[in-house]
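Structure file final-v6.cif with mmCIF, C-alpha atoms; chains and numbers go by the auth columns:
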data_run
#
loop_
_atom_site.group_PDB
_atom_site.id
_atom_site.type_symbol
_atom_site.label_atom_id
_atom_site.label_comp_id
_atom_site.label_asym_id
_atom_site.label_seq_id
_atom_site.Cartn_x
_atom_site.Cartn_y
_atom_site.Cartn_z
_atom_site.B_iso_or_equiv
_atom_site.auth_seq_id
_atom_site.auth_asym_id
ATOM 1 C CA MET A 1 31.710 94.275 44.236 0.00 1 A
ATOM 2 C CA ALA A 2 30.793 98.003 44.193 0.00 2 A
ATOM 3 C CA LEU A 3 27.485 97.247 45.919 0.00 3 A
ATOM 4 C CA LEU A 4 29.198 95.261 48.663 0.00 4 A
ATOM 5 C CA GLY A 5 31.830 97.943 49.166 0.00 5 A
ATOM 6 C CA ILE A 6 29.243 100.698 49.618 0.00 6 A
ATOM 7 C CA ALA A 7 27.105 98.560 51.885 0.00 7 A
ATOM 8 C CA ALA A 8 30.080 97.466 53.980 0.00 8 A
ATOM 9 C CA SER A 9 31.190 101.055 54.506 0.00 9 A
ATOM 10 C CA ALA A 10 27.695 101.954 55.634 0.00 10 A
ATOM 11 C CA LEU A 11 27.674 99.089 58.104 0.00 11 A
ATOM 12 C CA LEU A 12 31.031 100.079 59.565 0.00 12 A
ATOM 13 C CA LEU A 13 29.766 103.607 60.181 0.00 13 A
ATOM 14 C CA ALA A 14 26.595 102.228 61.739 0.00 14 A
ATOM 15 C CA LEU A 15 28.590 100.011 64.095 0.00 15 A
ATOM 16 C CA GLN A 16 30.724 102.938 65.216 0.00 16 A
ATOM 17 C CA TYR A 17 27.669 105.130 65.790 0.00 17 A
ATOM 18 C CA CYS A 18 25.255 102.634 67.345 0.00 18 A
ATOM 19 C CA HIS A 19 27.691 100.702 69.493 0.00 19 A
ATOM 20 C CA GLY A 20 29.920 103.531 70.607 0.00 20 A
ATOM 21 C CA ASP A 21 32.973 104.652 68.676 0.00 21 A
ATOM 22 C CA ARG A 22 35.091 101.475 68.866 0.00 22 A
ATOM 23 C CA ARG A 23 37.453 102.246 66.004 0.00 23 A
ATOM 24 C CA ASP A 24 40.358 101.137 68.176 0.00 24 A
ATOM 25 C CA ARG A 25 38.932 97.588 68.107 0.00 25 A
ATOM 26 C CA LEU A 26 37.386 97.473 64.636 0.00 26 A
ATOM 27 C CA GLU A 27 39.706 96.573 61.775 0.00 27 A
ATOM 28 C CA PRO A 28 39.323 98.219 58.348 0.00 28 A
ATOM 29 C CA PHE A 29 36.962 96.274 56.129 0.00 29 A
ATOM 30 C CA ASP A 30 37.477 95.947 52.377 0.00 30 A
ATOM 31 C CA GLY A 31 33.934 95.093 51.282 0.00 31 A
ATOM 32 C CA GLU A 32 34.399 91.340 50.762 0.00 32 A
ATOM 33 C CA ILE A 33 32.069 88.830 52.402 0.00 33 A
ATOM 34 C CA ALA A 34 34.484 86.379 53.993 0.00 34 A
ATOM 35 C CA PRO A 35 34.349 82.790 52.733 0.00 35 A
ATOM 36 C CA LEU A 36 33.361 80.051 55.136 0.00 36 A
ATOM 37 C CA VAL A 37 36.091 78.197 56.983 0.00 37 A
ATOM 38 C CA MET A 38 34.345 74.826 56.676 0.00 38 A
ATOM 39 C CA GLU A 39 34.715 72.891 53.444 0.00 39 A
ATOM 40 C CA GLY A 40 31.919 71.147 51.581 0.00 40 A
ATOM 41 C CA GLY A 41 28.220 71.317 52.225 0.00 41 A
ATOM 42 C CA ASP A 42 25.257 72.527 50.210 0.00 42 A
ATOM 43 C CA PRO A 43 26.280 75.584 48.136 0.00 43 A
ATOM 44 C CA TYR A 44 22.805 77.101 48.550 0.00 44 A
ATOM 45 C CA VAL A 45 23.021 76.845 52.322 0.00 45 A
ATOM 46 C CA ARG A 46 26.604 78.093 52.277 0.00 46 A
ATOM 47 C CA ALA A 47 25.500 81.170 50.315 0.00 47 A
ATOM 48 C CA LEU A 48 22.732 81.772 52.855 0.00 48 A
ATOM 49 C CA MET A 49 25.212 81.490 55.731 0.00 49 A
ATOM 50 C CA ARG A 50 27.471 84.099 54.169 0.00 50 A
ATOM 51 C CA THR A 51 24.457 86.343 53.587 0.00 51 A
ATOM 52 C CA ILE A 52 23.381 86.053 57.225 0.00 52 A
ATOM 53 C CA SER A 53 26.859 87.047 58.340 0.00 53 A
ATOM 54 C CA ALA A 54 26.829 90.011 55.950 0.00 54 A
ATOM 55 C CA SER A 55 24.310 91.715 58.215 0.00 55 A
ATOM 56 C CA GLU A 56 25.287 90.123 61.525 0.00 56 A
ATOM 57 C CA SER A 57 29.109 90.263 61.527 0.00 57 A
ATOM 58 C CA ASN A 58 30.391 91.986 58.426 0.00 58 A
ATOM 59 C CA VAL A 59 33.938 92.550 59.665 0.00 59 A
ATOM 60 C CA ARG A 60 37.362 91.175 58.816 0.00 60 A
ATOM 61 C CA ARG A 61 37.383 88.583 61.627 0.00 61 A
ATOM 62 C CA PRO A 62 33.726 87.585 61.875 0.00 62 A
ATOM 63 C CA TYR A 63 34.245 84.379 63.836 0.00 63 A
ATOM 64 C CA ALA A 64 35.923 86.267 66.678 0.00 64 A
ATOM 65 C CA VAL A 65 33.726 89.372 66.934 0.00 65 A
ATOM 66 C CA LEU A 66 31.482 90.257 69.859 0.00 66 A
ATOM 67 C CA TYR A 67 28.440 92.508 69.688 0.00 67 A
ATOM 68 C CA GLY A 68 29.731 96.053 69.356 0.00 68 A
ATOM 69 C CA GLY A 69 32.925 95.209 67.490 0.00 69 A
ATOM 70 C CA GLU A 70 35.403 93.939 70.065 0.00 70 A
ATOM 71 C CA TYR A 71 37.398 90.853 69.098 0.00 71 A
ATOM 72 C CA ILE A 72 38.345 87.856 71.226 0.00 72 A
ATOM 73 C CA ASP A 73 41.207 85.393 70.811 0.00 73 A
ATOM 74 C CA ASP A 74 39.917 82.406 72.782 0.00 74 A
ATOM 75 C CA LEU A 75 37.335 80.413 70.797 0.00 75 A
ATOM 76 C CA SER A 76 37.613 77.234 72.843 0.00 76 A
ATOM 77 C CA GLU A 77 34.026 77.901 73.955 0.00 77 A
ATOM 78 C CA HIS A 78 31.370 80.590 73.597 0.00 78 A
ATOM 79 C CA PRO A 79 32.737 83.723 75.342 0.00 79 A
ATOM 80 C CA ASP A 80 29.453 84.373 77.212 0.00 80 A
ATOM 81 C CA ARG A 81 30.162 88.073 77.785 0.00 81 A
ATOM 82 C CA CYS A 82 27.051 90.212 78.216 0.00 82 A
ATOM 83 C CA ILE A 83 27.620 93.567 76.510 0.00 83 A
ATOM 84 C CA PRO A 84 25.171 96.484 76.946 0.00 84 A
ATOM 85 C CA ILE A 85 22.878 97.166 73.994 0.00 85 A
ATOM 86 C CA VAL A 86 22.994 100.883 73.220 0.00 86 A
ATOM 87 C CA SER A 87 20.375 101.236 70.479 0.00 87 A
ATOM 88 C CA GLY A 88 17.310 99.644 68.947 0.00 88 A
ATOM 89 C CA PRO A 89 14.312 97.867 70.488 0.00 89 A
ATOM 90 C CA ASN A 90 16.447 96.026 73.057 0.00 90 A
ATOM 91 C CA TRP A 91 18.233 99.126 74.301 0.00 91 A
ATOM 92 C CA GLY A 92 19.093 98.902 77.996 0.00 92 A
ATOM 93 C CA ASN A 93 19.522 95.131 78.002 0.00 93 A
ATOM 94 C CA CYS A 94 22.767 93.309 77.351 0.00 94 A
ATOM 95 C CA THR A 95 23.596 90.611 74.837 0.00 95 A
ATOM 96 C CA THR A 96 26.078 87.752 74.690 0.00 96 A
ATOM 97 C CA ALA A 97 25.978 87.700 70.871 0.00 97 A
ATOM 98 C CA ALA A 98 29.291 86.467 69.479 0.00 98 A
ATOM 99 C CA GLY A 99 30.885 84.984 66.398 0.00 99 A
ATOM 100 C CA ARG A 100 30.062 84.970 62.726 0.00 100 A
ATOM 101 C CA TYR A 101 26.388 84.225 63.360 0.00 101 A
ATOM 102 C CA GLN A 102 26.109 86.315 66.539 0.00 102 A
ATOM 103 C CA PHE A 103 24.981 83.423 68.700 0.00 103 A
ATOM 104 C CA ILE A 104 23.791 84.337 72.173 0.00 104 A
ATOM 105 C CA THR A 105 25.024 81.851 74.745 0.00 105 A
ATOM 106 C CA THR A 106 21.735 80.045 75.336 0.00 106 A
ATOM 107 C CA THR A 107 21.058 79.578 71.610 0.00 107 A
ATOM 108 C CA TRP A 108 24.592 78.325 70.994 0.00 108 A
ATOM 109 C CA LEU A 109 24.340 75.748 73.772 0.00 109 A
ATOM 110 C CA GLU A 110 20.946 74.600 72.534 0.00 110 A
ATOM 111 C CA VAL A 111 21.883 74.152 68.889 0.00 111 A
ATOM 112 C CA ALA A 112 25.420 72.919 69.603 0.00 112 A
ATOM 113 C CA ASP A 113 23.910 70.170 71.731 0.00 113 A
ATOM 114 C CA ARG A 114 22.036 68.997 68.622 0.00 114 A
ATOM 115 C CA TYR A 115 24.431 69.751 65.779 0.00 115 A
ATOM 116 C CA HIS A 116 28.013 70.120 67.061 0.00 116 A
ATOM 117 C CA PRO A 117 30.132 67.419 65.369 0.00 117 A
ATOM 118 C CA ASP A 118 32.725 67.051 68.123 0.00 118 A
ATOM 119 C CA PRO A 119 31.481 67.937 71.635 0.00 119 A
ATOM 120 C CA SER A 120 33.614 67.292 74.707 0.00 120 A
ATOM 121 C CA HIS A 121 32.088 65.375 77.614 0.00 121 A
ATOM 122 C CA PHE A 122 33.098 65.046 81.250 0.00 122 A
ATOM 123 C CA LEU A 123 30.700 63.203 83.534 0.00 123 A
ATOM 124 C CA PHE A 124 27.380 65.053 83.106 0.00 124 A
ATOM 125 C CA TRP A 125 28.931 68.182 81.608 0.00 125 A
ATOM 126 C CA SER A 126 29.403 68.941 77.899 0.00 126 A
ATOM 127 C CA SER A 127 31.374 71.706 76.217 0.00 127 A
ATOM 128 C CA TYR A 128 31.341 72.836 72.622 0.00 128 A
ATOM 129 C CA SER A 129 34.285 74.419 70.841 0.00 129 A
ATOM 130 C CA PHE A 130 33.439 77.796 69.302 0.00 130 A
ATOM 131 C CA GLU A 131 36.244 77.603 66.763 0.00 131 A
ATOM 132 C CA ALA A 132 35.380 78.924 63.316 0.00 132 A
ATOM 133 C CA GLU A 133 34.800 75.586 61.613 0.00 133 A
ATOM 134 C CA TYR A 134 32.412 74.482 64.342 0.00 134 A
ATOM 135 C CA GLN A 135 30.418 77.709 64.102 0.00 135 A
ATOM 136 C CA ASP A 136 29.970 76.966 60.395 0.00 136 A
ATOM 137 C CA ARG A 137 29.155 73.287 60.800 0.00 137 A
ATOM 138 C CA VAL A 138 26.570 73.878 63.516 0.00 138 A
ATOM 139 C CA VAL A 139 24.785 76.525 61.433 0.00 139 A
ATOM 140 C CA HIS A 140 24.924 74.446 58.247 0.00 140 A
ATOM 141 C CA ARG A 141 23.362 71.471 60.011 0.00 141 A
ATOM 142 C CA TRP A 142 20.791 73.671 61.732 0.00 142 A
ATOM 143 C CA LEU A 143 19.666 75.368 58.516 0.00 143 A
ATOM 144 C CA SER A 144 19.494 71.990 56.791 0.00 144 A
ATOM 145 C CA ASP A 145 17.226 70.470 59.453 0.00 145 A
ATOM 146 C CA ARG A 146 13.640 70.634 58.249 0.00 146 A
ATOM 147 C CA ALA A 147 12.282 69.801 61.706 0.00 147 A
ATOM 148 C CA ALA A 148 14.014 72.823 63.230 0.00 148 A
ATOM 149 C CA TRP A 149 12.282 75.336 60.956 0.00 149 A
ATOM 150 C CA GLY A 150 9.107 73.586 59.892 0.00 150 A
ATOM 151 C CA ALA A 151 10.276 74.019 56.319 0.00 151 A
ATOM 152 C CA ASP A 152 12.887 72.624 53.938 0.00 152 A
ATOM 153 C CA ILE A 153 15.197 75.602 53.647 0.00 153 A
ATOM 154 C CA PRO A 154 17.572 74.051 51.074 0.00 154 A
ATOM 155 C CA ALA A 155 14.573 73.239 48.856 0.00 155 A
ATOM 156 C CA LEU A 156 13.161 76.755 49.236 0.00 156 A
ATOM 157 C CA LEU A 157 16.518 78.194 48.209 0.00 157 A
ATOM 158 C CA ARG A 158 16.674 75.979 45.136 0.00 158 A
ATOM 159 C CA GLN A 159 13.184 77.162 44.197 0.00 159 A
ATOM 160 C CA GLY A 160 14.297 80.784 44.511 0.00 160 A
ATOM 161 C CA ASN A 161 12.016 81.490 47.486 0.00 161 A
ATOM 162 C CA LEU A 162 14.560 83.642 49.284 0.00 162 A
ATOM 163 C CA ASP A 163 11.911 86.013 50.619 0.00 163 A
ATOM 164 C CA GLU A 164 10.219 83.135 52.465 0.00 164 A
ATOM 165 C CA VAL A 165 13.554 81.967 53.845 0.00 165 A
ATOM 166 C CA PHE A 166 14.348 85.428 55.206 0.00 166 A
ATOM 167 C CA TRP A 167 10.904 85.535 56.801 0.00 167 A
ATOM 168 C CA LEU A 168 11.489 82.170 58.482 0.00 168 A
ATOM 169 C CA LEU A 169 14.890 83.218 59.828 0.00 169 A
ATOM 170 C CA SER A 170 14.150 86.809 60.857 0.00 170 A
ATOM 171 C CA GLY A 171 13.098 85.834 64.352 0.00 171 A
ATOM 172 C CA THR A 172 16.511 84.270 64.899 0.00 172 A
ATOM 173 C CA TRP A 173 18.709 86.708 62.950 0.00 173 A
ATOM 174 C CA THR A 174 16.824 89.930 63.488 0.00 174 A
ATOM 175 C CA SER A 175 18.849 92.009 61.026 0.00 175 A
ATOM 176 C CA LEU A 176 17.398 90.041 58.110 0.00 176 A
ATOM 177 C CA SER A 177 14.365 91.288 56.186 0.00 177 A
ATOM 178 C CA TYR A 178 11.278 91.292 58.457 0.00 178 A
ATOM 179 C CA GLY A 179 13.491 91.392 61.553 0.00 179 A
ATOM 180 C CA ILE A 180 13.184 93.981 64.309 0.00 180 A
ATOM 181 C CA GLU A 181 16.819 95.132 64.135 0.00 181 A
ATOM 182 C CA ARG A 182 17.356 95.961 60.490 0.00 182 A
ATOM 183 C CA ASN A 183 20.629 97.704 59.744 0.00 183 A
ATOM 184 C CA SER A 184 22.397 99.362 56.838 0.00 184 A
ATOM 185 C CA MET A 185 23.134 95.993 55.200 0.00 185 A
ATOM 186 C CA THR A 186 19.571 94.691 55.301 0.00 186 A
ATOM 187 C CA PRO A 187 18.406 96.283 52.013 0.00 187 A
ATOM 188 C CA TYR A 188 21.303 94.653 50.148 0.00 188 A
ATOM 189 C CA LEU A 189 20.828 91.077 51.353 0.00 189 A
ATOM 190 C CA PHE A 190 18.933 89.763 48.326 0.00 190 A
ATOM 191 C CA GLU A 191 21.652 90.994 45.976 0.00 191 A
ATOM 192 C CA ILE A 192 24.354 89.708 48.303 0.00 192 A
ATOM 193 C CA TYR A 193 22.770 86.249 48.427 0.00 193 A
ATOM 194 C CA TRP A 194 22.700 85.890 44.634 0.00 194 A
ATOM 195 C CA GLU A 195 26.314 87.012 44.414 0.00 195 A
ATOM 196 C CA MET A 196 27.362 84.575 47.144 0.00 196 A
ATOM 197 C CA LEU A 197 25.418 81.796 45.406 0.00 197 A
ATOM 198 C CA ASP A 198 27.264 82.430 42.145 0.00 198 A
ATOM 199 C CA GLU A 199 30.557 82.118 44.030 0.00 199 A
ATOM 200 C CA GLU A 200 29.540 78.977 45.913 0.00 200 A
ATOM 201 C CA LEU A 201 28.153 77.233 42.839 0.00 201 A
ATOM 202 C CA GLY A 202 31.324 78.099 40.942 0.00 202 A
ATOM 203 C CA THR A 203 33.454 76.666 43.735 0.00 203 A
ATOM 204 C CA ALA A 204 31.329 73.505 43.861 0.00 204 A
ATOM 205 C CA ARG A 205 31.642 73.025 40.082 0.00 205 A
ATOM 206 C CA GLY A 206 35.394 73.509 40.316 0.00 206 A
ATOM 207 C CA SER A 207 35.670 70.908 43.074 0.00 207 A
ATOM 208 C CA ARG A 208 33.687 68.360 41.065 0.00 208 A
ATOM 209 C CA SER A 209 35.816 68.924 37.961 0.00 209 A
ATOM 210 C CA GLN A 210 38.966 68.066 39.956 0.00 210 A
ATOM 211 C CA THR A 211 37.634 64.706 41.160 0.00 211 A
#
Would you put the structure from the file into structure tokens?
Amino acid sequence: MALLGIAASALLLALQYCHGDRRDRLEPFDGEIAPLVMEGGDPYVRALMRTISASESNVRRPYAVLYGGEYIDDLSEHPDRCIPIVSGPNWGNCTTAAGRYQFITTTWLEVADRYHPDPSHFLFWSSYSFEAEYQDRVVHRWLSDRAAWGADIPALLRQGNLDEVFWLLSGTWTSLSYGIERNSMTPYLFEIYWEMLDEELGTARGSRSQT
């Protein structure tokens, strides 16, 4: 865990510097990559999801964090708050990125329409809960959909082709390797993935042994 602790400290400093000093809204972080809220699923995909969040939302309450470090309490839907970007290639714009996977509003609505397990409907209008479990389930289904990526991501992970997976996903999560918004966690993501995979495989083996 020494690697994760060092990397997490670096990320916290980067957030405070790049997004304005928001220490009043950022909670101390102990270096652990938070487990997923959802239960079950492919352990390889679960490990990838935790790795994505290591660079996108590596804070104590990742499901409730907005870009820049502020937290929200209402996850009944995507918060859709556009916060100014203060550094990097998109400086001067604003972003609605929120939650563990830093979904912008339009992306969330698009993928939730396809993968959300429990949407609410009223006449011609649909809404999608942004609660933690639904964030996880939407991303797990999305990453598992070969048609969405033009590649079988679970199979690539099982083959150890993590570099190719990061390349495929870097246009969506731009802090991954090959992305345009690399941060202080990016160099550690390969090591983090293998550590997360060990944890997820161990949990999956433990669950099978109890059945």
Would you place a box with edges along x, y and z of the file around all atoms of range 152-165 of chain A listed there, add 3 Å to each of its six sides, and report the centre and edge lengths in Å to one decimal, as AutoDock Vina command-line options?
--center_x 13.9 --center_y 79.3 --center_z 49.1 --size_x 13.4 --size_y 19.4 --size_z 15.7
Kindly give the distance, in Å, that separates CA of Trp173 in chain A and CA of His121 in chain A, rounded to a single decimal. 29.1 Å
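CA of Glu200 in chain A is found 7.5 Å from CA of Tyr44 in chain A.
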What is the distance between CA of Gln102 in chain A and CA of Gly69 in chain A, in Å to one decimal?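 Interatomic distance here is 11.2 Å.
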Written as a ChimeraX atom specification, what is the full residue list that the PyMOL selection byres ((chain A and resi 82) around 8) yields on the file shown? /A:80-81,83-84,94-97
With the file shown as input, list the residues that the PyMOL selection byres ((chain A and resi 107) around 12) selects, as a PyMOL selection string. chain A and resi 78+80+95-98+101-106+108-115+138-139+142+172-173
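Minimum atom-to-atom distance to Leu168 in chain A, evaluated using all atoms listed in the file, belongs to A:Ile153 out of A:Leu201, A:Ile153, A:Glu133, A:Ser57.
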Can you spell out as a PyMOL selection string the set of residues that the PyMOL selection byres ((chain A and resi 176-178) around 8) selects in the structure I just provided? chain A and resi 52+55+166-167+169-170+173-175+179-182+186-187+189
For Pro119 in chain A, the closest of A:Glu70, A:Glu164, A:Glu77, A:Asp145 counting only C-alpha atoms is A:Glu77
Residue with smallest distance to Ala34 in chain A - pool A:Asp73, A:Tyr128, A:Asp152, A:Glu199, counting all atoms listed in the file: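 For Ala34 in chain A, the nearest of the candidates is A:Glu199.
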Could I get range 186-197 of chain A rebuilt with all heavy atoms, written as a PDB file, in the coordinates of the input?
ATOM      1  N   THR A 186      20.803  95.434  55.561  1.00  0.00           N
ATOM      2  CA  THR A 186      19.571  94.691  55.301  1.00  0.00           C
ATOM      3  C   THR A 186      19.031  94.893  53.890  1.00  0.00           C
ATOM      4  O   THR A 186      18.647  93.914  53.229  1.00  0.00           O
ATOM      5  CB  THR A 186      18.501  95.048  56.349  1.00  0.00           C
ATOM      6  OG1 THR A 186      19.032  94.830  57.670  1.00  0.00           O
ATOM      7  CG2 THR A 186      17.256  94.195  56.177  1.00  0.00           C
ATOM      8  N   PRO A 187      18.967  96.118  53.351  1.00  0.00           N
ATOM      9  CA  PRO A 187      18.406  96.283  52.013  1.00  0.00           C
ATOM     10  C   PRO A 187      19.189  95.598  50.901  1.00  0.00           C
ATOM     11  O   PRO A 187      18.668  95.397  49.807  1.00  0.00           O
ATOM     12  CB  PRO A 187      18.409  97.813  51.810  1.00  0.00           C
ATOM     13  CG  PRO A 187      18.491  98.385  53.183  1.00  0.00           C
ATOM     14  CD  PRO A 187      19.305  97.411  53.969  1.00  0.00           C
ATOM     15  N   TYR A 188      20.442  95.237  51.174  1.00  0.00           N
ATOM     16  CA  TYR A 188      21.303  94.653  50.148  1.00  0.00           C
ATOM     17  C   TYR A 188      21.332  93.129  50.175  1.00  0.00           C
ATOM     18  O   TYR A 188      22.002  92.512  49.347  1.00  0.00           O
ATOM     19  CB  TYR A 188      22.739  95.160  50.317  1.00  0.00           C
ATOM     20  CG  TYR A 188      22.887  96.653  50.238  1.00  0.00           C
ATOM     21  CD1 TYR A 188      22.942  97.420  51.402  1.00  0.00           C
ATOM     22  CD2 TYR A 188      22.982  97.297  49.012  1.00  0.00           C
ATOM     23  CE1 TYR A 188      23.082  98.794  51.334  1.00  0.00           C
ATOM     24  CE2 TYR A 188      23.121  98.670  48.935  1.00  0.00           C
ATOM     25  CZ  TYR A 188      23.163  99.413  50.104  1.00  0.00           C
ATOM     26  OH  TYR A 188      23.297 100.767  50.041  1.00  0.00           O
ATOM     27  N   LEU A 189      20.621  92.501  51.109  1.00  0.00           N
ATOM     28  CA  LEU A 189      20.828  91.077  51.353  1.00  0.00           C
ATOM     29  C   LEU A 189      20.384  90.193  50.196  1.00  0.00           C
ATOM     30  O   LEU A 189      20.982  89.143  49.959  1.00  0.00           O
ATOM     31  CB  LEU A 189      20.143  90.657  52.652  1.00  0.00           C
ATOM     32  CG  LEU A 189      20.725  91.295  53.910  1.00  0.00           C
ATOM     33  CD1 LEU A 189      19.986  90.797  55.156  1.00  0.00           C
ATOM     34  CD2 LEU A 189      22.228  91.020  54.043  1.00  0.00           C
ATOM     35  N   PHE A 190      19.335  90.567  49.478  1.00  0.00           N
ATOM     36  CA  PHE A 190      18.933  89.763  48.326  1.00  0.00           C
ATOM     37  C   PHE A 190      20.048  89.744  47.286  1.00  0.00           C
ATOM     38  O   PHE A 190      20.433  88.686  46.783  1.00  0.00           O
ATOM     39  CB  PHE A 190      17.631  90.297  47.713  1.00  0.00           C
ATOM     40  CG  PHE A 190      16.414  89.963  48.519  1.00  0.00           C
ATOM     41  CD1 PHE A 190      15.962  90.825  49.507  1.00  0.00           C
ATOM     42  CD2 PHE A 190      15.716  88.779  48.299  1.00  0.00           C
ATOM     43  CE1 PHE A 190      14.842  90.512  50.258  1.00  0.00           C
ATOM     44  CE2 PHE A 190      14.588  88.459  49.034  1.00  0.00           C
ATOM     45  CZ  PHE A 190      14.149  89.331  50.027  1.00  0.00           C
ATOM     46  N   GLU A 191      20.573  90.924  46.958  1.00  0.00           N
ATOM     47  CA  GLU A 191      21.652  90.994  45.976  1.00  0.00           C
ATOM     48  C   GLU A 191      22.890  90.250  46.462  1.00  0.00           C
ATOM     49  O   GLU A 191      23.566  89.566  45.684  1.00  0.00           O
ATOM     50  CB  GLU A 191      22.012  92.463  45.695  1.00  0.00           C
ATOM     51  CG  GLU A 191      20.929  93.226  44.952  1.00  0.00           C
ATOM     52  CD  GLU A 191      19.933  93.904  45.891  1.00  0.00           C
ATOM     53  OE1 GLU A 191      19.870  93.516  47.081  1.00  0.00           O
ATOM     54  OE2 GLU A 191      19.224  94.814  45.439  1.00  0.00           O
ATOM     55  N   ILE A 192      23.189  90.396  47.755  1.00  0.00           N
ATOM     56  CA  ILE A 192      24.354  89.708  48.303  1.00  0.00           C
ATOM     57  C   ILE A 192      24.188  88.203  48.186  1.00  0.00           C
ATOM     58  O   ILE A 192      25.127  87.481  47.818  1.00  0.00           O
ATOM     59  CB  ILE A 192      24.585  90.129  49.764  1.00  0.00           C
ATOM     60  CG1 ILE A 192      25.078  91.574  49.817  1.00  0.00           C
ATOM     61  CG2 ILE A 192      25.577  89.199  50.461  1.00  0.00           C
ATOM     62  CD1 ILE A 192      25.148  92.152  51.213  1.00  0.00           C
ATOM     63  N   TYR A 193      22.989  87.699  48.510  1.00  0.00           N
ATOM     64  CA  TYR A 193      22.770  86.249  48.427  1.00  0.00           C
ATOM     65  C   TYR A 193      23.052  85.733  47.019  1.00  0.00           C
ATOM     66  O   TYR A 193      23.744  84.719  46.851  1.00  0.00           O
ATOM     67  CB  TYR A 193      21.343  85.880  48.836  1.00  0.00           C
ATOM     68  CG  TYR A 193      21.047  84.425  48.545  1.00  0.00           C
ATOM     69  CD1 TYR A 193      21.521  83.423  49.378  1.00  0.00           C
ATOM     70  CD2 TYR A 193      20.342  84.052  47.404  1.00  0.00           C
ATOM     71  CE1 TYR A 193      21.292  82.082  49.096  1.00  0.00           C
ATOM     72  CE2 TYR A 193      20.100  82.712  47.108  1.00  0.00           C
ATOM     73  CZ  TYR A 193      20.578  81.739  47.955  1.00  0.00           C
ATOM     74  OH  TYR A 193      20.354  80.410  47.662  1.00  0.00           O
ATOM     75  N   TRP A 194      22.508  86.394  45.996  1.00  0.00           N
ATOM     76  CA  TRP A 194      22.700  85.890  44.634  1.00  0.00           C
ATOM     77  C   TRP A 194      24.171  85.943  44.234  1.00  0.00           C
ATOM     78  O   TRP A 194      24.664  85.057  43.530  1.00  0.00           O
ATOM     79  CB  TRP A 194      21.835  86.679  43.653  1.00  0.00           C
ATOM     80  CG  TRP A 194      20.370  86.537  43.926  1.00  0.00           C
ATOM     81  CD1 TRP A 194      19.488  87.515  44.254  1.00  0.00           C
ATOM     82  CD2 TRP A 194      19.615  85.306  43.920  1.00  0.00           C
ATOM     83  NE1 TRP A 194      18.232  86.976  44.467  1.00  0.00           N
ATOM     84  CE2 TRP A 194      18.274  85.640  44.269  1.00  0.00           C
ATOM     85  CE3 TRP A 194      19.929  83.978  43.677  1.00  0.00           C
ATOM     86  CZ2 TRP A 194      17.270  84.683  44.360  1.00  0.00           C
ATOM     87  CZ3 TRP A 194      18.929  83.013  43.772  1.00  0.00           C
ATOM     88  CH2 TRP A 194      17.629  83.364  44.104  1.00  0.00           C
ATOM     89  N   GLU A 195      24.885  86.948  44.714  1.00  0.00           N
ATOM     90  CA  GLU A 195      26.314  87.012  44.414  1.00  0.00           C
ATOM     91  C   GLU A 195      27.072  85.890  45.127  1.00  0.00           C
ATOM     92  O   GLU A 195      27.957  85.248  44.550  1.00  0.00           O
ATOM     93  CB  GLU A 195      26.870  88.376  44.824  1.00  0.00           C
ATOM     94  CG  GLU A 195      28.307  88.582  44.394  1.00  0.00           C
ATOM     95  CD  GLU A 195      28.745  90.024  44.509  1.00  0.00           C
ATOM     96  OE1 GLU A 195      27.890  90.921  44.516  1.00  0.00           O
ATOM     97  OE2 GLU A 195      29.971  90.233  44.598  1.00  0.00           O
ATOM     98  N   MET A 196      26.723  85.667  46.397  1.00  0.00           N
ATOM     99  CA  MET A 196      27.362  84.575  47.144  1.00  0.00           C
ATOM    100  C   MET A 196      27.038  83.221  46.509  1.00  0.00           C
ATOM    101  O   MET A 196      27.892  82.331  46.450  1.00  0.00           O
ATOM    102  CB  MET A 196      26.907  84.574  48.599  1.00  0.00           C
ATOM    103  CG  MET A 196      27.291  85.802  49.421  1.00  0.00           C
ATOM    104  SD  MET A 196      29.087  86.087  49.513  1.00  0.00           S
ATOM    105  CE  MET A 196      29.288  87.328  48.206  1.00  0.00           C
ATOM    106  N   LEU A 197      25.796  83.062  46.031  1.00  0.00           N
ATOM    107  CA  LEU A 197      25.418  81.796  45.406  1.00  0.00           C
ATOM    108  C   LEU A 197      26.229  81.551  44.145  1.00  0.00           C
ATOM    109  O   LEU A 197      26.679  80.422  43.890  1.00  0.00           O
ATOM    110  CB  LEU A 197      23.920  81.787  45.101  1.00  0.00           C
ATOM    111  CG  LEU A 197      23.392  80.489  44.490  1.00  0.00           C
ATOM    112  CD1 LEU A 197      23.626  79.300  45.403  1.00  0.00           C
ATOM    113  CD2 LEU A 197      21.904  80.623  44.150  1.00  0.00           C
TER     114      LEU A 197
END
